[in-house]
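Asker: Data: coords-v7.txt, compact mmCIF, C-alpha atoms.
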```txt
# COMPACT_ATOMS: atom_id res chain seq x y z
CA MET A 1 -24.90 -12.24 42.14
CA ILE A 2 -25.33 -14.15 38.90
CA ARG A 3 -28.91 -14.65 37.76
CA GLU A 4 -28.24 -16.91 34.77
CA PHE A 5 -25.40 -17.81 32.47
CA TRP A 6 -25.12 -19.72 29.22
CA VAL A 7 -22.25 -20.55 26.92
CA LYS A 8 -21.88 -22.10 23.47
CA ASN A 9 -18.85 -23.40 21.57
CA TYR A 10 -16.32 -23.07 24.36
CA LEU A 11 -13.76 -25.60 25.63
CA SER A 12 -15.66 -28.91 26.05
CA ILE A 13 -19.07 -27.24 25.48
CA ARG A 14 -20.37 -27.41 21.91
CA ASP A 15 -24.11 -26.77 22.26
CA LYS A 16 -25.66 -24.05 24.40
CA GLN A 17 -25.49 -24.99 28.09
CA GLU A 18 -27.09 -22.91 30.83
CA LEU A 19 -26.83 -22.47 34.58
CA ASN A 20 -29.91 -20.78 36.01
CA PHE A 21 -29.78 -19.56 39.62
CA ILE A 22 -33.35 -18.29 39.87
CA ALA A 23 -35.09 -19.84 42.88
CA LYS A 24 -38.83 -20.29 43.35
CA SER A 25 -38.62 -20.37 47.12
CA GLN A 26 -38.71 -17.47 49.55
CA PRO A 27 -35.54 -16.13 51.25
CA SER A 28 -33.75 -18.77 53.30
CA GLU A 29 -30.19 -19.76 54.12
CA LEU A 30 -29.80 -20.81 50.48
CA VAL A 31 -31.70 -17.98 48.81
CA SER A 32 -31.29 -14.20 48.59
CA GLU A 33 -33.91 -11.66 47.55
CA MET A 34 -32.62 -9.11 45.08
CA GLY A 35 -35.05 -6.33 46.03
CA ASN A 36 -37.29 -6.65 42.99
CA GLY A 37 -39.19 -9.76 44.02
CA GLU A 38 -36.63 -12.08 42.43
CA PHE A 39 -34.86 -14.78 44.46
CA LEU A 40 -31.47 -16.27 43.61
CA TYR A 41 -29.60 -19.28 44.95
CA LYS A 42 -26.44 -18.37 46.84
CA LEU A 43 -24.85 -21.78 46.27
CA ALA A 44 -24.33 -24.00 43.22
CA ILE A 45 -22.58 -27.39 43.23
CA LEU A 46 -21.46 -29.12 40.03
CA TYR A 47 -21.00 -32.90 40.11
CA GLY A 48 -19.62 -35.18 37.45
CA SER A 49 -16.88 -37.63 36.61
CA ASN A 50 -13.33 -36.52 35.89
CA ALA A 51 -13.02 -34.71 32.54
CA SER A 52 -16.79 -34.23 32.32
CA GLY A 53 -16.49 -30.45 31.98
CA LYS A 54 -17.29 -29.22 35.50
CA SER A 55 -14.29 -26.92 35.70
CA ASN A 56 -14.86 -25.63 32.17
CA MET A 57 -18.14 -24.06 33.23
CA LEU A 58 -16.37 -22.18 36.02
CA ILE A 59 -13.71 -21.05 33.54
CA ALA A 60 -16.39 -19.87 31.11
CA MET A 61 -18.18 -17.84 33.80
CA ASN A 62 -14.89 -16.28 34.82
CA THR A 63 -14.01 -15.55 31.19
CA ILE A 64 -17.06 -13.42 30.44
CA PHE A 65 -16.38 -11.12 33.39
CA ARG A 66 -12.66 -10.88 32.61
CA LEU A 67 -13.61 -10.06 29.00
CA LEU A 68 -15.78 -7.23 30.27
CA VAL A 69 -13.09 -5.51 32.32
CA MET A 70 -9.71 -6.38 30.79
CA PRO A 71 -8.71 -3.96 27.99
CA LYS A 72 -6.03 -4.39 25.32
CA ILE A 73 -3.39 -1.82 24.47
CA ASP A 74 -2.47 -3.37 21.13
CA ALA A 75 -5.04 -4.28 18.47
CA THR A 76 -2.98 -7.34 17.49
CA GLN A 77 -3.23 -8.99 20.92
CA LYS A 78 -5.21 -12.21 21.07
CA ILE A 79 -8.25 -12.48 23.32
CA ASN A 80 -7.24 -14.49 26.35
CA GLY A 81 -9.31 -17.61 26.91
CA ALA A 82 -10.83 -17.70 23.42
CA ILE A 83 -10.78 -21.49 23.07
CA PRO A 84 -13.67 -22.83 20.96
CA PHE A 85 -14.90 -26.43 20.92
CA ILE A 86 -12.33 -28.25 18.80
CA LEU A 87 -14.79 -29.62 16.21
CA THR A 88 -16.40 -26.21 15.62
CA LYS A 89 -13.31 -24.07 16.10
CA LYS A 90 -14.08 -21.84 13.11
CA GLU A 91 -17.35 -20.69 14.66
CA PRO A 92 -17.49 -17.87 17.23
CA ILE A 93 -17.80 -18.42 20.97
CA GLU A 94 -21.09 -17.16 22.39
CA MET A 95 -21.81 -16.25 26.02
CA HIS A 96 -24.59 -14.60 28.01
CA VAL A 97 -24.72 -13.52 31.63
CA SER A 98 -27.47 -11.85 33.62
CA PHE A 99 -26.13 -10.53 36.92
CA TYR A 100 -26.54 -7.95 39.68
CA ALA A 101 -24.11 -5.19 40.60
CA ASN A 102 -25.01 -2.60 43.23
CA ASN A 103 -28.53 -4.09 43.24
CA ILE A 104 -28.97 -3.25 39.54
CA ARG A 105 -29.54 -6.05 37.04
CA TYR A 106 -27.39 -6.22 33.89
CA ASP A 107 -27.83 -8.53 30.89
CA TYR A 108 -24.76 -9.01 28.72
CA ASP A 109 -24.36 -11.00 25.48
CA VAL A 110 -21.13 -11.40 23.55
CA SER A 111 -19.76 -13.39 20.62
CA PHE A 112 -16.03 -13.48 19.91
CA ASN A 113 -13.11 -15.39 18.45
CA GLU A 114 -9.42 -15.25 19.32
CA ASN A 115 -8.94 -11.99 17.41
CA TYR A 116 -12.10 -9.92 17.72
CA ILE A 117 -15.27 -9.28 19.67
CA LEU A 118 -17.81 -9.69 16.91
CA ASN A 119 -20.88 -8.47 18.78
CA GLU A 120 -21.69 -7.41 22.31
CA VAL A 121 -24.76 -5.84 23.86
CA MET A 122 -25.55 -4.86 27.42
CA TYR A 123 -28.90 -3.91 28.89
CA TYR A 124 -29.56 -2.78 32.44
CA TYR A 125 -32.52 -2.06 34.69
CA PRO A 126 -31.77 1.18 36.56
CA ASN A 127 -35.44 1.83 37.36
CA LYS A 128 -36.65 -1.79 37.09
CA SER A 129 -37.28 -1.22 33.38
CA LYS A 130 -35.00 -2.51 30.62
CA SER A 131 -32.70 0.08 29.06
CA LEU A 132 -29.83 -0.14 26.61
CA PHE A 133 -26.40 0.36 28.17
CA TYR A 134 -24.44 -0.08 24.95
CA GLU A 135 -24.14 -2.29 21.90
CA ARG A 136 -21.30 -2.78 19.46
CA SER A 137 -20.63 -4.77 16.31
CA PHE A 138 -17.48 -5.63 14.40
CA VAL A 139 -17.13 -3.72 11.12
CA GLY A 140 -13.77 -4.91 9.86
CA GLU A 141 -10.10 -5.32 10.68
CA ASN A 142 -8.45 -1.98 11.53
CA ILE A 143 -11.84 -0.29 11.31
CA GLN A 144 -13.50 1.32 14.30
CA ALA A 145 -16.31 -0.80 15.75
CA ASP A 146 -19.88 0.42 15.47
CA VAL A 147 -20.84 1.40 19.04
CA LYS A 148 -24.20 2.78 20.19
CA PHE A 149 -25.13 3.98 23.68
CA GLY A 150 -28.40 4.01 25.57
CA THR A 151 -30.03 7.41 26.01
CA SER A 152 -30.49 6.80 29.75
CA LEU A 153 -26.69 7.09 30.20
CA LYS A 154 -26.87 10.73 29.09
CA LEU A 155 -23.38 10.68 27.60
CA GLN A 156 -22.27 13.77 25.74
CA SER A 157 -21.35 13.39 22.09
CA LYS A 158 -17.64 13.94 22.68
CA THR A 159 -17.66 11.31 25.44
CA GLN A 160 -19.26 8.80 23.09
CA ASP A 161 -16.71 9.62 20.39
CA SER A 162 -13.85 9.19 22.86
CA ILE A 163 -15.11 5.75 23.95
CA ARG A 164 -15.49 4.66 20.32
CA GLU A 165 -11.97 5.81 19.46
CA ASN A 166 -10.49 3.85 22.35
CA THR A 167 -12.48 0.65 21.76
CA LEU A 168 -10.24 -1.76 19.89
CA ASN A 169 -11.74 -4.79 18.19
CA ASN A 170 -10.22 -7.16 20.76
CA HIS A 171 -11.72 -5.81 24.01
CA SER A 172 -15.07 -4.77 25.39
CA VAL A 173 -16.52 -1.28 25.37
CA LEU A 174 -16.81 -1.31 29.17
CA SER A 175 -13.09 -1.89 29.67
CA VAL A 176 -12.30 1.45 27.99
CA CYS A 177 -13.15 3.30 31.20
CA ILE A 178 -9.92 2.08 32.81
CA LYS A 179 -7.84 2.23 29.66
CA SER A 180 -8.38 5.90 28.91
CA ALA A 181 -8.81 8.99 31.09
CA LEU A 182 -12.04 10.39 29.72
CA THR A 183 -12.72 14.03 30.37
CA GLU A 184 -16.45 13.66 30.72
CA ASP A 185 -18.33 11.92 33.51
CA ILE A 186 -19.01 8.25 32.77
CA ALA A 187 -20.21 7.28 36.24
CA PRO A 188 -22.38 4.33 35.12
CA PHE A 189 -19.36 2.80 33.34
CA ASN A 190 -16.99 3.37 36.24
CA THR A 191 -19.45 2.07 38.84
CA LEU A 192 -20.08 -1.17 36.96
CA TYR A 193 -16.41 -1.65 36.13
CA ARG A 194 -15.32 -1.19 39.73
CA TRP A 195 -18.03 -3.53 41.04
CA ILE A 196 -16.94 -6.34 38.74
CA MET A 197 -13.26 -5.83 39.58
CA ASP A 198 -13.93 -5.84 43.33
CA ASN A 199 -16.70 -8.40 43.67
CA TYR A 200 -16.42 -11.00 40.88
CA HIS A 201 -13.36 -13.20 41.36
CA ASP A 202 -11.19 -15.53 39.29
CA VAL A 203 -11.46 -19.29 39.71
CA ASP A 204 -9.97 -20.23 43.11
CA GLY A 205 -9.45 -16.58 44.01
CA ASP A 206 -7.47 -13.70 42.58
CA GLY A 207 -3.86 -14.23 41.59
CA GLU A 208 -1.33 -16.58 43.09
CA LYS A 209 -1.10 -15.22 46.63
CA GLY A 210 1.21 -17.22 48.84
CA ILE A 211 -0.16 -18.61 52.09
CA VAL A 212 2.22 -16.38 54.10
CA GLU A 213 1.00 -13.28 52.27
CA ILE A 214 -2.65 -14.22 52.88
CA LEU A 215 -2.09 -14.71 56.60
CA LYS A 216 0.04 -11.58 57.02
CA VAL A 217 -2.64 -9.40 55.41
CA ALA A 218 -5.25 -10.94 57.69
CA TYR A 219 -3.04 -10.51 60.75
CA ASN A 220 -2.72 -6.77 60.09
CA THR A 221 -6.51 -6.36 59.83
CA PRO A 222 -8.03 -6.80 63.33
CA GLN A 223 -11.45 -8.02 62.19
CA LYS A 224 -9.97 -10.42 59.65
CA ARG A 225 -7.38 -11.70 62.12
CA LYS A 226 -10.19 -12.46 64.60
CA PHE A 227 -12.09 -14.27 61.84
CA TYR A 228 -9.07 -16.43 60.94
CA ASN A 229 -8.29 -17.33 64.54
CA THR A 230 -11.94 -18.13 65.22
CA MET A 231 -12.28 -20.33 62.15
CA LEU A 232 -9.01 -22.14 62.87
CA GLN A 233 -10.16 -22.85 66.42
CA LYS A 234 -13.59 -24.05 65.31
CA ALA A 235 -12.06 -26.36 62.70
CA ASP A 236 -10.68 -28.57 65.51
CA LEU A 237 -7.12 -28.28 64.21
CA ASN A 238 -5.76 -27.71 67.74
CA ILE A 239 -4.73 -24.21 66.65
CA LEU A 240 -5.38 -21.35 69.07
CA GLU A 241 -3.99 -18.53 66.94
CA TYR A 242 -1.18 -17.71 64.53
CA ARG A 243 1.45 -15.00 64.20
CA PRO A 244 3.95 -13.89 61.53
CA VAL A 245 7.57 -14.80 62.17
CA VAL A 246 10.92 -14.37 60.44
CA GLU A 247 12.91 -17.55 59.88
CA ASP A 248 16.57 -18.02 59.02
CA ARG A 249 17.12 -19.18 55.47
CA LEU A 250 20.07 -21.29 54.40
CA VAL A 251 21.47 -20.23 51.02
CA PRO A 252 24.04 -22.76 49.73
CA ALA A 253 27.32 -21.30 48.47
CA GLU A 254 26.91 -22.83 45.00
CA TYR A 255 23.45 -21.30 44.66
CA ARG A 256 24.75 -17.91 45.86
CA GLU A 257 27.57 -17.93 43.30
CA ARG A 258 25.23 -18.87 40.48
CA ILE A 259 22.75 -16.11 41.33
CA GLN A 260 25.51 -13.53 41.54
CA LYS A 261 26.56 -14.36 37.97
CA GLU A 262 23.03 -14.18 36.55
CA ASN A 263 22.13 -11.18 34.41
CA ILE A 264 19.15 -10.11 36.51
CA PRO A 265 18.32 -6.89 38.41
CA GLU A 266 20.11 -6.36 41.70
CA GLU A 267 16.79 -6.16 43.57
CA MET A 268 15.95 -9.66 42.38
CA LYS A 269 19.36 -10.98 43.40
CA GLU A 270 18.92 -9.44 46.84
CA ALA A 271 15.53 -11.10 47.27
CA LEU A 272 16.82 -14.52 46.13
CA LEU A 273 19.83 -14.35 48.45
CA LYS A 274 18.05 -12.91 51.47
CA PRO A 275 19.24 -14.74 54.62
CA THR A 276 15.79 -14.64 56.24
CA ALA A 277 12.26 -15.43 55.07
CA ASP A 278 8.80 -14.39 56.24
CA SER A 279 6.72 -17.25 57.61
CA VAL A 280 3.94 -18.05 60.07
CA ALA A 281 3.86 -19.93 63.38
CA PHE A 282 0.70 -21.58 64.70
CA VAL A 283 0.11 -21.76 68.44
CA ASN A 284 -1.09 -25.23 69.50
CA HIS A 285 -2.39 -26.30 72.92
CA SER A 286 -1.67 -29.17 75.28
CA ILE A 287 -2.21 -29.77 79.01
CA ASN A 288 1.53 -29.25 79.48
CA GLY A 289 1.48 -25.83 77.84
CA ASP A 290 1.15 -24.10 74.47
CA PHE A 291 3.75 -24.52 71.76
CA ASP A 292 4.46 -23.29 68.21
CA ILE A 293 4.26 -25.36 65.05
CA PRO A 294 5.80 -23.81 61.90
CA LEU A 295 3.88 -23.47 58.67
CA LYS A 296 6.02 -26.09 56.89
CA TRP A 297 4.80 -28.76 59.33
CA GLN A 298 1.11 -28.14 58.72
CA SER A 299 -0.89 -30.76 56.80
CA LYS A 300 -2.01 -30.34 53.21
CA GLY A 301 -5.63 -30.19 54.36
CA THR A 302 -4.89 -27.40 56.86
CA ILE A 303 -3.16 -25.34 54.16
CA LYS A 304 -6.10 -25.88 51.80
CA TYR A 305 -8.53 -24.79 54.50
CA ILE A 306 -6.55 -21.62 55.25
CA ARG A 307 -6.57 -20.68 51.56
CA ILE A 308 -10.35 -20.92 51.18
CA LEU A 309 -10.93 -18.89 54.35
CA ASP A 310 -9.89 -15.82 52.36
CA ALA A 311 -12.92 -16.26 50.08
CA LEU A 312 -15.22 -17.05 53.00
CA TYR A 313 -14.29 -13.84 54.80
CA ASP A 314 -15.12 -11.77 51.70
CA MET A 315 -18.44 -13.53 51.17
CA ILE A 316 -19.76 -13.04 54.70
CA THR A 317 -18.61 -9.43 55.08
CA SER A 318 -19.71 -8.08 51.68
CA SER A 319 -21.29 -9.14 48.36
CA HIS A 320 -18.93 -11.35 46.35
CA VAL A 321 -19.04 -14.12 43.75
CA TYR A 322 -16.42 -16.87 44.03
CA TYR A 323 -15.78 -19.99 41.95
CA LEU A 324 -13.94 -22.74 43.84
CA ASP A 325 -12.83 -25.78 41.87
CA GLU A 326 -12.86 -29.22 43.53
CA LEU A 327 -13.89 -27.85 46.91
CA GLY A 328 -13.63 -30.59 49.49
CA GLU A 329 -10.34 -31.91 48.16
CA ASP A 330 -8.04 -32.64 51.14
CA LEU A 331 -10.79 -31.66 53.63
CA HIS A 332 -12.72 -33.92 55.97
CA ASN A 333 -16.37 -33.97 54.87
CA ASP A 334 -17.51 -32.55 58.23
CA LEU A 335 -15.16 -29.60 57.77
CA LEU A 336 -16.50 -29.07 54.25
CA TYR A 337 -20.12 -29.06 55.54
CA TYR A 338 -19.10 -26.61 58.24
CA TYR A 339 -17.44 -24.26 55.73
CA LEU A 340 -20.53 -24.24 53.51
CA ASN A 341 -22.89 -23.71 56.44
CA VAL A 342 -20.84 -20.78 57.72
CA PHE A 343 -21.16 -19.26 54.26
CA LEU A 344 -24.90 -19.92 53.93
CA PHE A 345 -25.91 -18.76 57.40
CA ASN A 346 -23.70 -15.65 57.52
CA SER A 347 -23.76 -14.25 53.98
CA LYS A 348 -26.45 -12.04 52.50
CA LYS A 349 -25.93 -11.41 48.79
CA SER A 350 -22.83 -13.42 48.00
CA GLN A 351 -22.66 -16.44 45.74
CA LEU A 352 -20.44 -19.51 45.83
CA ILE A 353 -20.24 -21.75 42.75
CA ILE A 354 -18.20 -24.92 43.23
CA THR A 355 -17.28 -28.22 41.68
CA SER A 356 -16.87 -31.16 44.04
CA GLN A 357 -16.48 -34.91 44.24
CA GLU A 358 -17.86 -34.96 47.80
CA THR A 359 -21.16 -36.65 46.94
CA THR A 360 -22.26 -37.00 50.57
CA LEU A 361 -23.25 -33.33 50.37
CA LEU A 362 -26.28 -34.61 48.47
CA SER A 363 -27.47 -36.45 51.58
CA GLN A 364 -27.75 -33.22 53.56
CA ASP A 365 -31.38 -32.17 54.10
CA LEU A 366 -30.71 -28.58 53.07
CA ILE A 367 -29.34 -29.72 49.70
CA ASN A 368 -31.81 -32.57 49.13
CA GLU A 369 -34.74 -30.22 49.74
CA ASN A 370 -33.31 -27.51 47.45
CA ARG A 371 -32.26 -29.48 44.38
CA GLY A 372 -31.98 -26.37 42.25
CA VAL A 373 -28.52 -25.74 43.71
CA VAL A 374 -27.11 -28.97 42.25
CA TRP A 375 -25.98 -29.60 38.67
CA PHE A 376 -24.96 -32.92 37.13
CA VAL A 377 -22.38 -32.79 34.33
CA GLU A 378 -21.49 -35.47 31.81
CA LYS A 379 -19.99 -35.83 28.36
CA ASN A 380 -22.32 -36.79 25.52
CA LYS A 381 -20.75 -39.94 24.07
CA GLU A 382 -21.71 -39.03 20.48
CA THR A 383 -20.68 -35.37 20.42
CA ALA A 384 -17.98 -35.40 23.17
CA SER A 385 -19.61 -32.22 24.42
CA SER A 386 -20.37 -31.44 28.07
CA GLU A 387 -24.02 -31.30 29.12
CA TYR A 388 -25.41 -29.83 32.37
CA ALA A 389 -28.68 -30.75 34.11
CA ARG A 390 -30.08 -29.04 37.21
CA GLY A 391 -30.97 -31.34 40.08
CA ASP A 392 -34.66 -30.41 40.04
CA SER A 393 -35.04 -31.19 36.30
CA PHE A 394 -35.23 -35.00 36.65
CA GLY A 395 -38.74 -35.19 38.08
CA LEU A 396 -37.43 -36.99 41.14
CA HIS A 397 -40.07 -37.34 43.88
CA LYS A 398 -39.37 -35.19 46.93
CA ASN A 399 -39.35 -38.26 49.19
CA LEU A 400 -36.56 -39.90 47.18
CA SER A 401 -32.97 -39.27 48.22
CA LEU A 402 -30.92 -37.21 45.79
CA TYR A 403 -27.78 -38.87 47.14
CA ASN A 404 -29.03 -42.42 46.63
CA SER A 405 -30.43 -41.60 43.20
CA TYR A 406 -27.06 -40.27 42.08
CA ARG A 407 -25.15 -43.12 43.69
CA ILE A 408 -27.09 -45.79 41.74
CA GLY A 409 -26.68 -43.90 38.46
CA ARG A 410 -30.22 -42.63 38.06
CA LEU A 411 -29.04 -39.05 37.48
CA GLY A 412 -26.08 -39.86 35.23
CA ALA A 413 -22.84 -37.87 35.51
CA LYS A 414 -20.93 -40.93 36.79
CA PRO A 415 -17.97 -42.70 35.19
CA GLU A 416 -18.61 -46.04 33.46
CA LEU A 417 -15.49 -47.95 34.46
CA GLY A 418 -16.03 -51.45 33.15
CA SER A 419 -14.47 -54.66 34.45
CA ILE A 420 -11.71 -54.58 37.04
CA PHE A 421 -9.90 -57.42 35.21
CA ILE A 422 -7.17 -56.32 32.78
CA ASN A 423 -6.07 -58.48 29.83
CA LEU A 424 -2.69 -57.42 28.43
CA GLU A 425 -2.40 -60.27 25.93
CA ASP A 426 -2.76 -59.64 22.19
```
Could you write out this structure as structure tokens?

Answerer:
Amino acid sequence: MIREFWVKNYLSIRDKQELNFIAKSQPSELVSEMGNGEFLYKLAILYGSNASGKSNMLIAMNTIFRLLVMPKIDATQKINGAIPFILTKKEPIEMHVSFYANNIRYDYDVSFNENYILNEVMYYYPNKSKSLFYERSFVGENIQADVKFGTSLKLQSKTQDSIRENTLNNHSVLSVCIKSALTEDIAPFNTLYRWIMDNYHDVDGDGEKGIVEILKVAYNTPQKRKFYNTMLQKADLNILEYRPVVEDRLVPAEYRERIQKENIPEEMKEALLKPTADSVAFVNHSINGDFDIPLKWQSKGTIKYIRILDALYDMITSSHVYYLDELGEDLHNDLLYYYLNVFLFNSKKSQLIITSQETTLLSQDLINENRGVVWFVEKNKETASSEYARGDSFGLHKNLSLYNSYRIGRLGAKPELGSIFINLED
């Protein structure tokens, strides 16, 4: 779980902006205890008008973890996602994240540009006391970075030298553990690396999995298949269950001839010209009997719901962090509430950070009484930079409705649209 995060000079964010997930309340559906007397919110919702910068915060949080674990083979490769605020593009991007992995807290700070990591430092708390994991600083182009390691890691000298030699200026020290087969034991590195890879996910999930692939994987895992069928039934979609099927695929003669002439591998040609395709059929119910409906006839909302079930399954069966952008889009608000409640009441140490335009969530008692899970985002009109304010930072009386206060503009983060009358004359 993420404890706190801040970012400076990135995308639409010029000045330092922070999301803090530390909760004052005791464990509840919304709060998890981390074993050291600290409580963290499991849910965060970002509200704001279009182009306010909501999604950019999710991208920034994803970027710092990807930076930690994605190595570079070539020293000339650019750092992916290094996009500074346009008016201060010559200054470095700065990020900080405090997070938990395997119940151990880590604090990581990094500054970088598109070419180099300029500085990075990581501390951890293996015995509830702060210890250095590693720190590095940029020395110069084509010069080995200055890297120091904490004594608590107990790395041998030749292991330290090997890590330094494999740390290029454009990737983190931690990512070296997957890039190079080190002869000495670096268990603390490997453990942290694997945890981030397995438990911290990209925005809207990992990769571009097709809906058929998602459902086939679930179907072949008994517990996950039961989860999917249960959630589809409870969503009142009139779906009893689903099953993989193979459908005939029409390949026009003109298309077939064109593919055959293309200079591409034979395996690719075979896949493109395959006369059948994997798909999914959904079993629906009526008083006159059950019947199948193919995937292509399902609504956009149903497809959206199926996609986000993949994240929900992970979060309630293990400890995961997911960022879902514009959650609620194409879903009925009751189905959105249900999805969030299933997450909150069934997860233990997972975290879900979302952006949404579904403002009626603010009228829910659980949200209104725990305003620390809500953030309001708006662009500063003078600087054009995104600014983020936590819902409990406005001094709003507990008896006042968060939903009504936002609706009337008291909390900002709403578009100012002006008159509905349009004058097209000169």

Asker: What does the distance between atom CA of A:Asn113 and atom CA of A:Asn56 come to in Å, to one decimal place?

Answerer: 17.2 Å

Asker: Just the number, please: distance in Å from atom CA of A:Lys179 to atom CA of A:Ile73, one decimal.

Answerer: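 Atom CA of A:Ile73 lies at a distance of 7.9 Å from atom CA of A:Lys179.
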
Asker: Go through A:Tyr255, A:Phe138, A:Tyr323, A:Tyr123 and flag the residue nearest A:Met61, using only C-alpha atoms for the distances.

Answerer: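 Of A:Tyr255, A:Phe138, A:Tyr323, A:Tyr123, the one nearest A:Met61 is A:Tyr323, counting only C-alpha atoms.
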
Asker: Using all atoms listed in the file, which of A:Val374, A:Leu309, A:Leu155, A:Val31 sits nearest A:Met231?

Answerer: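 Closest residue, counting all atoms listed in the file: A:Leu309.
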
Asker: Using all atoms listed in the file, find all polymer residues with an atom at most 12 Å away from the point (-8.8, -22.0, 53.9); report them as an MDAnalysis selection string.

Answerer: chainID A and resid 204:205 211 214:215 227:229 231:232 235 300:313 324 327:331 335:336 339:340

Asker: Using only C-alpha atoms, can you tell me which of A:Leu30, A:Leu40, A:Ile422, A:Ile178 comes closest to A:Phe343?

Answerer: A:Leu30

Asker: Restricting the calculation to only C-alpha atoms, which member of A:Ser172, A:Ser319, A:Asn370, A:Thr159 is positioned closest to A:Met34?

Answerer: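 When distances to A:Met34 are compared using only C-alpha atoms, the smallest one comes from A:Ser319.
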
Asker: Measuring between all atoms listed in the file, which one of A:Lys16, A:Arg3, A:Lys72, A:Arg249 shows the shortest distance to A:Ser98?

Answerer: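 Under the stated criterion, the closest residue is A:Arg3.
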
Asker: Could you list, as a ChimeraX atom specification, every residue within 12 Å of A:Lys226, counting only C-alpha atoms and ignoring same-chain residues fewer than 4 positions away?

Answerer: /A:215,218-222,230-233,240-243,313

Asker: Using all atoms listed in the file for the distances, tell me which of A:Gln351, A:Gln298, A:Thr191, A:Asn166 is nearest to A:Asn102.

Answerer: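 Among the listed residues, the smallest separation from A:Asn102 belongs to A:Thr191.
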
Asker: State, in Å with one decimal place, the distance from atom CA of A:Ser129 to atom CA of A:Phe5.

Answerer: 20.4 Å

Asker: Write out as an MDAnalysis selection string each polymer residue whose atoms come within 8 Å of A:Ser49, counting only C-alpha atoms; drop sequence neighbours fewer than 3 positions from it.

Answerer: chainID A and resid 52 377:378 413:415

Asker: Go through stretch 133-206 of chain A residue by residue and, counting all atoms listed in the file, keep those with an atom at most 12 Å from stretch 105-108 of chain A; for each kept residue give the shortest atom pair and its distance in Å to one decimal, ordered by chain and increasing number, as JSON lines.

Answerer:
```
{"residue": "A:Phe133", "atom": "CA", "partner": "A:Tyr106", "partner_atom": "CA", "distance": 8.8}
{"residue": "A:Tyr134", "atom": "CA", "partner": "A:Tyr108", "partner_atom": "CA", "distance": 9.7}
{"residue": "A:Glu135", "atom": "CA", "partner": "A:Tyr108", "partner_atom": "CA", "distance": 9.6}
{"residue": "A:Arg136", "atom": "CA", "partner": "A:Tyr108", "partner_atom": "CA", "distance": 11.7}
{"residue": "A:Ser172", "atom": "CA", "partner": "A:Tyr108", "partner_atom": "CA", "distance": 11.1}
{"residue": "A:Val173", "atom": "CA", "partner": "A:Tyr108", "partner_atom": "CA", "distance": 11.8}
{"residue": "A:Leu174", "atom": "CA", "partner": "A:Tyr108", "partner_atom": "CA", "distance": 11.1}
{"residue": "A:Pro188", "atom": "CA", "partner": "A:Tyr106", "partner_atom": "CA", "distance": 11.7}
{"residue": "A:Leu192", "atom": "CA", "partner": "A:Tyr106", "partner_atom": "CA", "distance": 9.4}
{"residue": "A:Ile196", "atom": "CA", "partner": "A:Tyr106", "partner_atom": "CA", "distance": 11.5}
```

Asker: When you look at A:Leu118 with a cut-off of 9 Å (counting all atoms listed in the file), what residues show up, excluding the ones that are within fewer than 3 positions of it in the same chain? I need them as an MDAnalysis selection string.

Answerer: chainID A and resid 92 110:113 136:139 169:170

Asker: Can you write just those residues out, C-alpha atoms, as a PDB file, keeping the file's coordinate frame?

Answerer:
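Saved to again.pdb:
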```
ATOM      1  CA  PRO A  92     -17.490 -17.870  17.230  1.00  0.00           C
ATOM      2  CA  VAL A 110     -21.130 -11.400  23.550  1.00  0.00           C
ATOM      3  CA  SER A 111     -19.760 -13.390  20.620  1.00  0.00           C
ATOM      4  CA  PHE A 112     -16.030 -13.480  19.910  1.00  0.00           C
ATOM      5  CA  ASN A 113     -13.110 -15.390  18.450  1.00  0.00           C
ATOM      6  CA  ARG A 136     -21.300  -2.780  19.460  1.00  0.00           C
ATOM      7  CA  SER A 137     -20.630  -4.770  16.310  1.00  0.00           C
ATOM      8  CA  PHE A 138     -17.480  -5.630  14.400  1.00  0.00           C
ATOM      9  CA  VAL A 139     -17.130  -3.720  11.120  1.00  0.00           C
ATOM     10  CA  ASN A 169     -11.740  -4.790  18.190  1.00  0.00           C
ATOM     11  CA  ASN A 170     -10.220  -7.160  20.760  1.00  0.00           C
TER      12      ASN A 170
END
```

Asker: Pick out the residues sitting within 10 Å of A:Asn36, and hand them over as a PyMOL selection string; count only C-alpha atoms, and ignore anything fewer than 5 positions along from it in its own chain.

Answerer: chain A and resi 103-105+128

Asker: Give as a VMD selection string every residue, naming chains and numbers as the document does, that has an atom within 9 Å of (-23.1, -13.1, 43.1), counting all atoms listed in the file.

Answerer: chain A and resid 1 to 3 40 42 99 to 101 199 to 200 319 to 322 349 to 352

Asker: Can you tell me, as a ChimeraX atom specification, what residues are no more than 10 Å from stretch 266-273 of chain A when counting all atoms listed in the file, ignoring any on the same chain fewer than 3 positions away?

Answerer: /A:249-252,255-257,259-263,276-277

Asker: List every residue of stretch 80-197 of chain A that has an atom at most 6 Å from any atom of stretch 11-15 of chain A, and for each one report the closest atom pair and its distance in Å to one decimal, counting only C-alpha atoms, with rows sorted by chain and then by increasing residue number, as JSON lines.

Answerer:
```
{"residue": "A:Ile83", "atom": "CA", "partner": "A:Leu11", "partner_atom": "CA", "distance": 5.7}
{"residue": "A:Pro84", "atom": "CA", "partner": "A:Leu11", "partner_atom": "CA", "distance": 5.4}
{"residue": "A:Phe85", "atom": "CA", "partner": "A:Leu11", "partner_atom": "CA", "distance": 4.9}
```

Asker: How would the residues just chosen look if you wrote them out with C-alpha atoms as a compact mmCIF listing (two decimals), in the coordinates of the input?

Answerer:
```
# COMPACT_ATOMS: atom_id res chain seq x y z
CA ILE A 83 -10.78 -21.49 23.07
CA PRO A 84 -13.67 -22.83 20.96
CA PHE A 85 -14.90 -26.43 20.92
```
